[in-house]
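A.B. asks: Handing you a structure now.
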Amino acid sequence: MDPYHNYWGIEWYYFIIIWAFIALGSHIYQVGFIVRLIRLGKDDDRFNSWQQRTTEFLTDWLGQRKVVEDKVAGYAHALIFWGFLMLVSDVVDLSTGGALYKFLKLKSILLGNIWNLIVDIGYTIAGIGIIIALYRRIVIKPEKLKDSSIEGILILFAILGIVITAFIVEAGYMLGENIEYNNWEPIGVLFAKQMVHLNSDTLGMVIDVSYWLHMILIGGFLIEIPQTKHSHLIGTIPNVMFQDHSQMGTMKPLQIDNGGLAVKTDDLDFDNLTLGINKFSDFTWRQLSDGWACTACARCQDVCPAYNSGKTLNPMQIIMDVKNYGNEYGKTLLLGKEPDETIVDRFTPDAIWSCTTCYACVDACPVHIEHVPKLTDTRRHLVMEASEFPDELQNLFNNLERNSNPWGMGAHTRADWAKGLDLKIGEPAEYLFYVGCSGSFDDRNKKVSRATARLLKEAGVDFSILGEMEICNGDPARRAGNEFLFQMMAEMNVDNINSLGTLKVITACPHCFHTIGKEYEKYGGKYEVYHHSQILNDLRRKGKLKINKFEDKITFHDPCYLGRIGGETEAPREALGGNLIEMERHGKNSFCCGGGGARVWMEEDADKRVNEIRATEASKTGADCVVVGCPFCMTMMSDGLKGIGDEKPVKDISEIMLENLEAKT
C-alpha cells in the first residue's frame with residue numbers, strides 16, 4: 001500500500017512538483033544570497049595542497065573527527081549527520097514514486113535490497129542521535145544550553161518526525177494486498193507488524209498522512225537551513241575544505257610581496273593598505289564563511305578565559321555577529337553601501353580587548369572556525385586607524401618605540417642580569433640565548449635567565465647573548481594591534497640576529513619562541529628556535545645535566561604559546577624528571593593564565609581575573625609548588641595565587657632543575 005495516487009482528482013506528483021519548486025527555490029535563493037555576501041570578502045588563497053585538503057575533508061567533515069571529541073553531544077550530532085547522508089537517496093526515491101528503488105532492483109544491478117538496508121540503518125542511527133540530543137537538551141540541560149532557544153528542540157522533533165514517518169511509509173509498502181515482510185528493512189518490518197492489524201481505510205490514511213508529513217518536513221527543513229544555525233550544514237563544507245594551513249597563532253603581515261614575504265616597512269603601499277578590519281568587506285571570504293559554519297555547539301565559549309571570567313567577550317557570539325550582521329545589512333552591503341553600524345560596533349571594543357589570543361577557541365572548534373584573527377584584525381583598526389585603545393597600551397607603545405622594551409628601561413642595562421656569569425655577548429656561537437624583555441628587566445624573571453644560563457654552561461653548551469643589540473620581539477605590539485610597530489621591531493631584530501651568524505635560538509619565553517620561530521620567517525629571519533625546556537630536557541637525557549627528582553609535589557601550568565599554539569607539552573614534563581600532579585586542564589587543553597594578547601599590560605576588573613581562575617585550579621591540586629615555563633605566566637600565576645590567598649611558590653622549569661642540580665653537589 002503506497003501513497004502514490006490522486007488526491008481530490010489531482011495526481012500526487014503535481015503536489016510534489018509544486019512543493020519541491022517552493023522548497024528548493026527558497027533554499028537555492030537563500031544560499032545564493034549567502035554566497036554573494038561571502039564573496040564580498042577579500043581574496044584568501046586557500047586553493048592549494050588539494051591532497052591534504054581532501055584528506056582533511058574526509059576525516060573532519062565526513063568522519064566528524066573533531067565533532068566526536070565531545071563524547072555525548074558530538075556522537076549524537078555525528079549519528080544524525082551520518083544518518084542523513086545515508087537517507088538522502090530515500091528522499092529522492094519517495095519523491096519520485098519509488099523510481100530509484102525500481103532502478104536499483106533491476107536484474108542487471110541487483111542493489112535494491114542492499115540499498116534498503118543502508119536506508120534503514122541511516123534512519124535508525126539518525127533516530128538514535130536525535131533521542132540522545134533531546135535527552136541532553138530536555139533532561140540533562142547542560143549549563144550552556146539553559147538559555148538556548150526552543151528552536152533547537154523543535155528542529156530535533158521535526159527530524160524525529162522525518163525518521164518515524166519514513167518507517168511508517170516503508171511499512172506501508174510491505175502491507176499491500178499480499179503482506180510481504182522484507183527482512184532487508186528490519187525496522188520497517190517492526191513498524192509493519194505493529195500496523196498489520198489496522199483496517200485498510202485506517203492504514204491508508206496513516207500512510208498518506210505520514211508520506212505528506214514526511215515530504216513537508218523535508219521541504220521545510222530545506223527552507224529553514226539557511227535561516228538558522230543549521231546553515232552550518234552548508235557552511236561547514238568550505239570551512240573544513242579550506243581550513244588554515246599556516247601554523248597556529250601566526251598573523252598576516254600588512255602587505256605581502258610576490259614571493260610571499262612581508263613588504264618592507266619603507267616600501268609599503270599605503271594607497272592600497274587596509275589598516276585592520278572595521279567593515280564587513282574588510283574580512284576575507286574565508287573569515288566571512290565562518291559565520292555560516294558555526295554549529296552553536298559553544299565549545300569555544302566553554303574554553304574561553306575571557307568568557308569564563310565574566311567579561312563581555314563570547315567567541316561564539318563573535319562568529320554569530322558576523323553572520324547576523326551580514327543577514328541584517330545584506331541588501332545594503334550588496335549595493336556597495338556601508339551601514340551606519342560598523343563591525344567594531346557590533347563586536348564592541350570591550351569584547352575585542354578582552355581576548356588573550358590563547359587560541360583555545362580555535363583549537364576547540366570542530367569546524368575550524370578562526371575566531372582570534374577577527375579580534376586581532378579589529379584591534380589593528382582600533383590602534384592604527386581609529387586610535388582608540390586602552391590607556392595602558394599607550395605607555396606600552398611609547399616604551400617599545402623609545403627603548404625597545406615594555407618597561408622603557410635603557411638598552412645599556414639589558415645584560416645586567418648576566419653579571420658574574422662570564423657569558424659571550426654579541427659573539428658568534430652555536431646557539432643564541434634570546435633572553436627577552438622579561439628575562440632582562442623584570443626582577444623575578446631575571447632569576448630565570450640566570451638559572452637557564454647556568455644550566456647551559458654546566459652542560460657545556462656554546463651560546464651567546466645579544467646584550468644591548470637585543471630588542472623586544474614585538475609580540476606585545478602585534479597582539480595589541482600595532483602592526484607597524486611590530487614590523488619595525490621584527491625587521492631590526494632579524495638584522496641583529498643575522499649579524500651574529502647564528503641560526504639556532506634558545507628562549508625561555510614562549511612568546512619569543514613563537515614569534516621568532518614562526519612569525520619572523522616572513523620578515524627574512526628563518527631560525528631553529530627552541531624553548532629552553534626542550535634544550536634542557538635534551539641535555540638531561542644525554543646525561544649532560546644530572547638532575548635529581550624534585551622531592552616536593554609539583555604541578556605544571558602549560559603556557560598557551562608553548563603547549564596549544566607551540567605544540568610542545570612533553571619536554572617541560574620530562575625536563576622536570578618527576579611525577580607531576582596534573583591540573584584538570586593541562587597540555588594542549590590548558591587554561592590560559594590571562595597574560596597573552598598584551599593583556600598582561602592592561603588593567604583587569606578585580607572580580608573578573610582570569611589568573612585567579614587558573615590559580616584556583618593549581619591550588620586544588622595540593623601541590624607544593626607551581627611550575628611555569630613563561631615569564632607572563634610567572635607574573636600572572638604568582639599574582640593569582642596571592643589573590644586567592646595561596647602562598648605556594650611559582651618557579652620556572654630552569655629554577656627547579658638548577659635547585660636539584662645544586663642539591664646533588
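So you can find residues: chains in the C-alpha cells are A, B, ... in the order shown, residues in each start at 1, and ligands are numbered from 1 in order.
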If you count only C-alpha atoms, which residues fall within 12 Å of Ile653 in chain A, apart from same-chain ones fewer than 5 positions away, as a PyMOL selection string?

C.D. replies: chain A and resi 445+447-449+451-452+455+508-509+531-537+547+550+554-558+571-578+625-631+634+658-660

A.B. asks: Could you write out that same residue set with C-alpha atoms as a PDB file, in the first residue's frame?

C.D. replies:
ATOM      1  CA  ASN A 445      62.309  36.704  35.665  1.00  0.00           C
ATOM      2  CA  LYS A 447      66.401  34.783  38.103  1.00  0.00           C
ATOM      3  CA  VAL A 448      65.015  32.521  35.381  1.00  0.00           C
ATOM      4  CA  SER A 449      67.527  33.896  32.884  1.00  0.00           C
ATOM      5  CA  ALA A 451      69.175  29.750  36.061  1.00  0.00           C
ATOM      6  CA  THR A 452      68.895  28.920  32.359  1.00  0.00           C
ATOM      7  CA  LEU A 455      72.418  25.162  33.334  1.00  0.00           C
ATOM      8  CA  ALA A 508      62.731  30.896  27.978  1.00  0.00           C
ATOM      9  CA  CYS A 509      59.718  32.859  26.709  1.00  0.00           C
ATOM     10  CA  HIS A 531      62.092  26.684  24.148  1.00  0.00           C
ATOM     11  CA  HIS A 532      64.580  26.304  26.992  1.00  0.00           C
ATOM     12  CA  SER A 533      62.664  23.266  28.281  1.00  0.00           C
ATOM     13  CA  GLN A 534      63.375  21.448  25.013  1.00  0.00           C
ATOM     14  CA  ILE A 535      67.113  22.075  25.213  1.00  0.00           C
ATOM     15  CA  LEU A 536      67.323  21.384  28.943  1.00  0.00           C
ATOM     16  CA  ASN A 537      65.377  18.154  28.553  1.00  0.00           C
ATOM     17  CA  ILE A 547      69.127  16.184  37.847  1.00  0.00           C
ATOM     18  CA  PHE A 550      62.156  17.060  42.696  1.00  0.00           C
ATOM     19  CA  ILE A 554      54.709  19.985  41.815  1.00  0.00           C
ATOM     20  CA  THR A 555      52.135  20.874  39.178  1.00  0.00           C
ATOM     21  CA  PHE A 556      52.967  22.347  35.785  1.00  0.00           C
ATOM     22  CA  HIS A 557      50.995  25.084  34.078  1.00  0.00           C
ATOM     23  CA  ASP A 558      51.257  24.804  30.283  1.00  0.00           C
ATOM     24  CA  ALA A 571      59.588  18.453  27.048  1.00  0.00           C
ATOM     25  CA  PRO A 572      58.753  20.546  30.153  1.00  0.00           C
ATOM     26  CA  ARG A 573      57.453  17.483  31.973  1.00  0.00           C
ATOM     27  CA  GLU A 574      60.379  15.277  31.007  1.00  0.00           C
ATOM     28  CA  ALA A 575      62.839  18.038  31.898  1.00  0.00           C
ATOM     29  CA  LEU A 576      61.438  18.183  35.420  1.00  0.00           C
ATOM     30  CA  GLY A 577      62.003  14.448  35.734  1.00  0.00           C
ATOM     31  CA  GLY A 578      59.454  13.907  38.483  1.00  0.00           C
ATOM     32  CA  CYS A 625      54.904  24.414  44.001  1.00  0.00           C
ATOM     33  CA  VAL A 626      53.502  25.630  40.673  1.00  0.00           C
ATOM     34  CA  VAL A 627      55.988  25.358  37.820  1.00  0.00           C
ATOM     35  CA  VAL A 628      55.744  27.522  34.702  1.00  0.00           C
ATOM     36  CA  GLY A 629      57.695  27.974  31.502  1.00  0.00           C
ATOM     37  CA  CYS A 630      56.771  31.544  30.597  1.00  0.00           C
ATOM     38  CA  PRO A 631      57.552  34.960  32.115  1.00  0.00           C
ATOM     39  CA  MET A 634      55.184  33.614  36.147  1.00  0.00           C
ATOM     40  CA  LEU A 658      69.068  24.106  38.988  1.00  0.00           C
ATOM     41  CA  GLU A 659      67.902  23.527  42.555  1.00  0.00           C
ATOM     42  CA  ASN A 660      68.115  19.791  42.049  1.00  0.00           C
TER      43      ASN A 660
END

A.B. asks: Do you have, as a tab-separated table, the list of residues of range 150-265 of chain A lying at most 12 Å from range 324-344 of chain A, each with its nearest atom pair and that distance in Å to one decimal, counting only C-alpha atoms and ordered by chain then number?

C.D. replies:
residue	atom	partner	partner_atom	distance
A:Pro226	CA	A:Asn327	CA	10.4
A:Gln227	CA	A:Asn327	CA	8.9
A:Thr228	CA	A:Asn324	CA	10.1
A:Lys229	CA	A:Asn324	CA	10.7

A.B. asks: Deliver the residues from the most recent selection as a file, using N, CA, C and O atoms, as a PDB file, in the first residue's frame.

C.D. replies:
ATOM      1  N   PRO A 226      19.137  27.644   5.657  1.00  0.00           N
ATOM      2  CA  PRO A 226      19.958  28.861   5.512  1.00  0.00           C
ATOM      3  C   PRO A 226      19.629  29.952   6.523  1.00  0.00           C
ATOM      4  O   PRO A 226      20.435  30.861   6.737  1.00  0.00           O
ATOM      5  N   GLN A 227      18.436  29.898   7.135  1.00  0.00           N
ATOM      6  CA  GLN A 227      17.993  30.976   8.011  1.00  0.00           C
ATOM      7  C   GLN A 227      18.482  30.832   9.450  1.00  0.00           C
ATOM      8  O   GLN A 227      18.472  31.797  10.207  1.00  0.00           O
ATOM      9  N   THR A 228      18.855  29.639   9.849  1.00  0.00           N
ATOM     10  CA  THR A 228      19.145  29.367  11.255  1.00  0.00           C
ATOM     11  C   THR A 228      20.563  28.853  11.433  1.00  0.00           C
ATOM     12  O   THR A 228      21.370  28.853  10.507  1.00  0.00           O
ATOM     13  N   LYS A 229      20.832  28.363  12.652  1.00  0.00           N
ATOM     14  CA  LYS A 229      22.155  27.816  12.920  1.00  0.00           C
ATOM     15  C   LYS A 229      22.441  26.588  12.061  1.00  0.00           C
ATOM     16  O   LYS A 229      23.595  26.176  11.917  1.00  0.00           O
TER      17      LYS A 229
END

A.B. asks: Would you give me, as a PyMOL selection string, the residues in range 343-452 of chain A that DSSP reads as helix (DSSP H, G or I)?

C.D. replies: chain A and resi 343-347+349-352+360-364+371-385+391-403+411-413+416-418+436-441+443-452

A.B. asks: Taking into account only C-alpha atoms, which residue in the set A:Ala171, A:Leu79, A:Met86, A:Leu94 is nearest to Ile128 in chain A?

C.D. replies: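 Nearest candidate to Ile128 in chain A out of A:Ala171, A:Leu79, A:Met86, A:Leu94: A:Leu79.
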
A.B. asks: Which of these, A:Lys504, A:Asn239, A:Phe484, A:His412, has the shortest distance to Phe433 in chain A once you count only C-alpha atoms?

C.D. replies: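 Ranking A:Lys504, A:Asn239, A:Phe484, A:His412 by distance to Phe433 in chain A, first place goes to A:Lys504.
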
A.B. asks: Env of Gly129 in chain A: 7 Å cut, atoms = only C-alpha atoms, seq-sep filter 5 positions within chain, self excluded. Answer as an MDAnalysis selection string.

C.D. replies: chainID A and resid 76:77 79:80

A.B. asks: Write the selection just made, keeping C-alpha atoms, as a tab-separated table (two decimals), in the first residue's frame?

C.D. replies:
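again-v7.tsv written:
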chain	number	residue	atom	x	y	z
A	76	ALA	CA	24.73	12.44	18.83
A	77	HIS	CA	25.46	15.04	16.16
A	79	LEU	CA	24.92	9.92	14.23
A	80	ILE	CA	22.35	12.39	12.91
